[in-house]
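Have a look at query-v5.cif; it's mmCIF, C-alpha atoms and all ligand atoms:
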data_query
#
loop_
_atom_site.group_PDB
_atom_site.id
_atom_site.type_symbol
_atom_site.label_atom_id
_atom_site.label_comp_id
_atom_site.auth_asym_id
_atom_site.auth_seq_id
_atom_site.Cartn_x
_atom_site.Cartn_y
_atom_site.Cartn_z
ATOM 1 C CA MET A 36 5.292 -45.892 -12.813
ATOM 2 C CA ALA A 37 5.564 -48.633 -10.181
ATOM 3 C CA ALA A 38 3.116 -51.522 -10.514
ATOM 4 C CA GLU A 39 1.375 -50.647 -7.245
ATOM 5 C CA GLU A 40 0.765 -47.014 -8.333
ATOM 6 C CA LYS A 41 -2.610 -46.536 -9.931
ATOM 7 C CA LEU A 42 -3.946 -43.487 -11.729
ATOM 8 C CA PRO A 43 -7.309 -42.202 -10.439
ATOM 9 C CA ALA A 44 -10.429 -43.083 -12.388
ATOM 10 C CA TRP A 45 -12.257 -40.231 -14.149
ATOM 11 C CA ASN A 46 -14.851 -39.939 -11.394
ATOM 12 C CA GLU A 47 -12.122 -39.712 -8.722
ATOM 13 C CA ILE A 48 -10.603 -36.567 -10.288
ATOM 14 C CA PRO A 49 -11.955 -33.284 -8.806
ATOM 15 C CA PRO A 50 -13.703 -30.950 -11.260
ATOM 16 C CA GLY A 51 -11.462 -28.232 -12.696
ATOM 17 C CA GLY A 52 -11.323 -24.886 -10.894
ATOM 18 C CA ILE A 53 -12.234 -26.286 -7.487
ATOM 19 C CA ILE A 54 -9.705 -25.910 -4.699
ATOM 20 C CA ILE A 55 -10.115 -29.017 -2.569
ATOM 21 C CA GLU A 56 -7.103 -28.382 -0.376
ATOM 22 C CA PRO A 57 -6.568 -24.709 0.586
ATOM 23 C CA GLY A 58 -3.030 -23.393 0.820
ATOM 24 C CA ASN A 59 -1.483 -25.942 -1.523
ATOM 25 C CA ALA A 60 -0.148 -23.458 -4.123
ATOM 26 C CA GLU A 61 3.287 -23.775 -2.552
ATOM 27 C CA GLU A 62 3.426 -27.399 -3.693
ATOM 28 C CA ARG A 63 2.974 -26.425 -7.369
ATOM 29 C CA TYR A 64 6.303 -25.522 -8.936
ATOM 30 C CA THR A 65 5.101 -22.911 -11.417
ATOM 31 C CA GLY A 66 8.709 -21.839 -11.978
ATOM 32 C CA ASP A 67 8.836 -24.584 -14.625
ATOM 33 C CA TRP A 68 6.658 -22.445 -16.898
ATOM 34 C CA ARG A 69 9.137 -19.605 -17.069
ATOM 35 C CA VAL A 70 10.713 -18.508 -20.357
ATOM 36 C CA PHE A 71 12.182 -15.277 -18.961
ATOM 37 C CA ARG A 72 13.589 -14.810 -15.456
ATOM 38 C CA PRO A 73 13.426 -11.587 -13.430
ATOM 39 C CA VAL A 74 16.746 -10.722 -11.825
ATOM 40 C CA ILE A 75 16.956 -7.966 -9.224
ATOM 41 C CA ASN A 76 19.791 -5.507 -9.525
ATOM 42 C CA GLN A 77 20.340 -4.942 -5.784
ATOM 43 C CA ASP A 78 22.435 -1.863 -6.498
ATOM 44 C CA LYS A 79 19.679 -0.110 -8.470
ATOM 45 C CA CYS A 80 16.818 -1.273 -6.248
ATOM 46 C CA ILE A 81 15.450 1.475 -3.956
ATOM 47 C CA ARG A 82 13.471 -1.012 -1.766
ATOM 48 C CA CYS A 83 10.100 0.546 -2.583
ATOM 49 C CA LEU A 84 8.487 -2.932 -2.521
ATOM 50 C CA LEU A 85 6.193 -2.293 -5.480
ATOM 51 C CA CYS A 86 7.336 -5.624 -6.935
ATOM 52 C CA TRP A 87 6.330 -7.300 -3.677
ATOM 53 C CA VAL A 88 2.870 -5.690 -3.956
ATOM 54 C CA TYR A 89 2.284 -6.480 -7.624
ATOM 55 C CA CYS A 90 3.678 -10.002 -7.959
ATOM 56 C CA PRO A 91 0.659 -12.288 -8.459
ATOM 57 C CA ASP A 92 2.565 -15.246 -7.008
ATOM 58 C CA SER A 93 3.948 -13.515 -3.900
ATOM 59 C CA VAL A 94 7.440 -14.733 -4.651
ATOM 60 C CA PHE A 95 9.360 -11.679 -3.447
ATOM 61 C CA HIS A 96 10.864 -12.345 -0.039
ATOM 62 C CA ILE A 97 12.216 -9.657 2.215
ATOM 63 C CA VAL A 98 15.387 -11.019 3.746
ATOM 64 C CA ASP A 99 17.298 -9.731 6.709
ATOM 65 C CA GLU A 100 20.480 -8.950 4.762
ATOM 66 C CA GLU A 101 22.063 -5.522 4.779
ATOM 67 C CA TYR A 102 23.159 -4.127 1.461
ATOM 68 C CA VAL A 103 25.408 -1.177 0.690
ATOM 69 C CA THR A 104 25.201 0.142 -2.869
ATOM 70 C CA SER A 105 28.213 1.168 -4.917
ATOM 71 C CA LYS A 106 27.292 4.795 -4.067
ATOM 72 C CA GLY A 107 27.353 4.043 -0.337
ATOM 73 C CA ARG A 108 23.614 3.937 0.317
ATOM 74 C CA LYS A 109 22.840 1.450 3.062
ATOM 75 C CA TYR A 110 19.722 -0.700 3.188
ATOM 76 C CA SER A 111 18.773 -2.873 6.138
ATOM 77 C CA PHE A 112 17.157 -5.586 3.998
ATOM 78 C CA SER A 113 17.366 -7.176 0.586
ATOM 79 C CA LEU A 114 14.860 -8.811 -1.728
ATOM 80 C CA LYS A 115 15.058 -12.361 -3.038
ATOM 81 C CA ILE A 116 12.890 -14.095 -5.615
ATOM 82 C CA ASP A 117 11.596 -17.603 -5.061
ATOM 83 C CA TYR A 118 12.341 -19.078 -8.495
ATOM 84 C CA ASP A 119 10.458 -22.289 -7.714
ATOM 85 C CA HIS A 120 7.240 -20.298 -7.910
ATOM 86 C CA CYS A 121 7.967 -17.286 -10.143
ATOM 87 C CA LYS A 122 6.262 -18.056 -13.447
ATOM 88 C CA GLY A 123 7.968 -15.256 -15.363
ATOM 89 C CA CYS A 124 4.938 -13.090 -16.110
ATOM 90 C CA GLY A 125 7.058 -9.910 -16.155
ATOM 91 C CA ILE A 126 4.674 -7.757 -14.107
ATOM 92 C CA CYS A 127 7.426 -6.873 -11.624
ATOM 93 C CA VAL A 128 9.684 -5.787 -14.491
ATOM 94 C CA GLU A 129 6.961 -3.457 -15.771
ATOM 95 C CA GLU A 130 6.112 -2.036 -12.353
ATOM 96 C CA CYS A 131 9.585 -1.374 -10.969
ATOM 97 C CA PRO A 132 9.913 2.441 -11.031
ATOM 98 C CA VAL A 133 13.697 2.457 -11.425
ATOM 99 C CA ASN A 134 14.160 -0.469 -13.850
ATOM 100 C CA ALA A 135 16.001 -2.484 -11.243
ATOM 101 C CA ILE A 136 14.698 -5.819 -12.493
ATOM 102 C CA ASP A 137 16.256 -7.324 -15.604
ATOM 103 C CA PHE A 138 14.285 -9.871 -17.576
ATOM 104 C CA VAL A 139 16.711 -12.430 -18.918
ATOM 105 C CA GLU A 140 16.089 -15.463 -21.064
ATOM 106 C CA GLU A 141 15.804 -18.633 -19.005
ATOM 107 C CA VAL A 142 18.557 -21.145 -19.585
ATOM 108 C CA LYS A 143 17.635 -24.683 -18.562
HETATM 109 S S1 LIG A 201 7.911 -12.384 -13.187
HETATM 110 FE FE1 LIG A 201 5.782 -12.406 -12.368
HETATM 111 S S2 LIG A 201 5.754 -14.162 -10.976
HETATM 112 FE FE2 LIG A 201 7.892 -13.695 -11.354
HETATM 113 S S3 LIG A 201 8.512 -12.339 -9.705
HETATM 114 FE FE3 LIG A 201 7.864 -11.027 -11.423
HETATM 115 S S4 LIG A 201 5.701 -10.599 -11.038
HETATM 116 FE FE4 LIG A 201 6.251 -12.366 -9.748
HETATM 117 S S1 LIG A 202 9.985 -2.473 -7.503
HETATM 118 FE FE1 LIG A 202 12.125 -2.291 -8.138
HETATM 119 S S2 LIG A 202 13.012 -0.733 -6.801
HETATM 120 FE FE2 LIG A 202 11.091 -1.374 -5.878
HETATM 121 S S3 LIG A 202 11.714 -2.994 -4.428
HETATM 122 FE FE3 LIG A 202 11.159 -3.999 -6.355
HETATM 123 S S4 LIG A 202 13.092 -4.211 -7.467
HETATM 124 FE FE4 LIG A 202 13.401 -2.708 -5.862
#

Can I see the file as structure tokens?
Amino acid sequence: MAAEEKLPAWNEIPPGGIIIEPGNAEERYTGDWRVFRPVINQDKCIRCLLCWVYCPDSVFHIVDEEYVTSKGRKYSFSLKIDYDHCKGCGICVEECPVNAIDFVEEVK
């Protein structure tokens, strides 16, 4: 820590559980917590978006990328996971109706 940097005193720290700055969740990199990583199998994915609905961290992003499966089925969009904010809870893995999300051990 640089000499000019000073930690806040106890009475300068906001009480726990109080959000003093709305919309700041994006600045917290909860991806560091992860032990297992969800990985979408784009070929198996049927684009139902249940993972997008259930993810508590809203880390599924719908991207404007066409995808053609190995069986020739064409989708006009793909899904990407924001790994900076996915904390690896596994809810998406449980909820995916076609088991298109693998849960693999995180390698740091
Ligand atoms: S593991 Fe949890 S946080 Fe990560 S994408 Fe799935 S539901 Fe969201
Ligand atoms: S829940 Fe599964 S099939 Fe549905 S969009 Fe997500 S990954 Fe694809």

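The spacing separating CA of Val133 (chain A) from atom S2 of ligand LIG 202 (chain A) amounts to 5.7 Å.
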
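Between CA of Asn59 (chain A) and CA of Gly123 (chain A) there is a distance of 19.9 Å.
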
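One finds CA of Cys121 (chain A) at 6.4 Å from atom FE3 of ligand LIG 201 (chain A).
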
**Within-9 Å residues of ligand LIG 201 (chain A), basis only C-alpha atoms and all ligand atoms, as number ranges by chain** = A: 65-66, 69, 71-74, 86-87, 89-95, 116-118, 120-130, 136, 138

**Expected answer as a PyMOL selection string: residues within 6 Å of ligand LIG 202 (chain A), only C-alpha atoms and all ligand atoms** = chain A and resi 75+80-86+131-133+135-136

**Request:** Determine the residue membership of the PyMOL selection byres (((chain A and resi 103) around 12) and not hetatm) for the file above and supply it as a PyMOL selection string.
**Result:** chain A and resi 77-81+100-102+104-113

Could you give me the centre and size, in Å to one decimal, of an axis-aligned box around all listed atoms of region 64-79 of chain A with 8 Å added on every side, as JSON?
{"center_x": 13.8, "center_y": -12.8, "center_z": -13.1, "size_x": 33.3, "size_y": 41.4, "size_z": 30.6}

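For the set A:Tyr64, A:Asn134, A:Ile53, A:Asn76, the residue with the smallest atom-to-atom gap to Lys115 (chain A) is A:Asn76, counting all atoms listed in the file.
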
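Minimum atom-to-atom distance to Glu140 (chain A), evaluated using all atoms listed in the file, belongs to A:Val70 out of A:Val70, A:Ile97, A:Asp119, A:Ala60.
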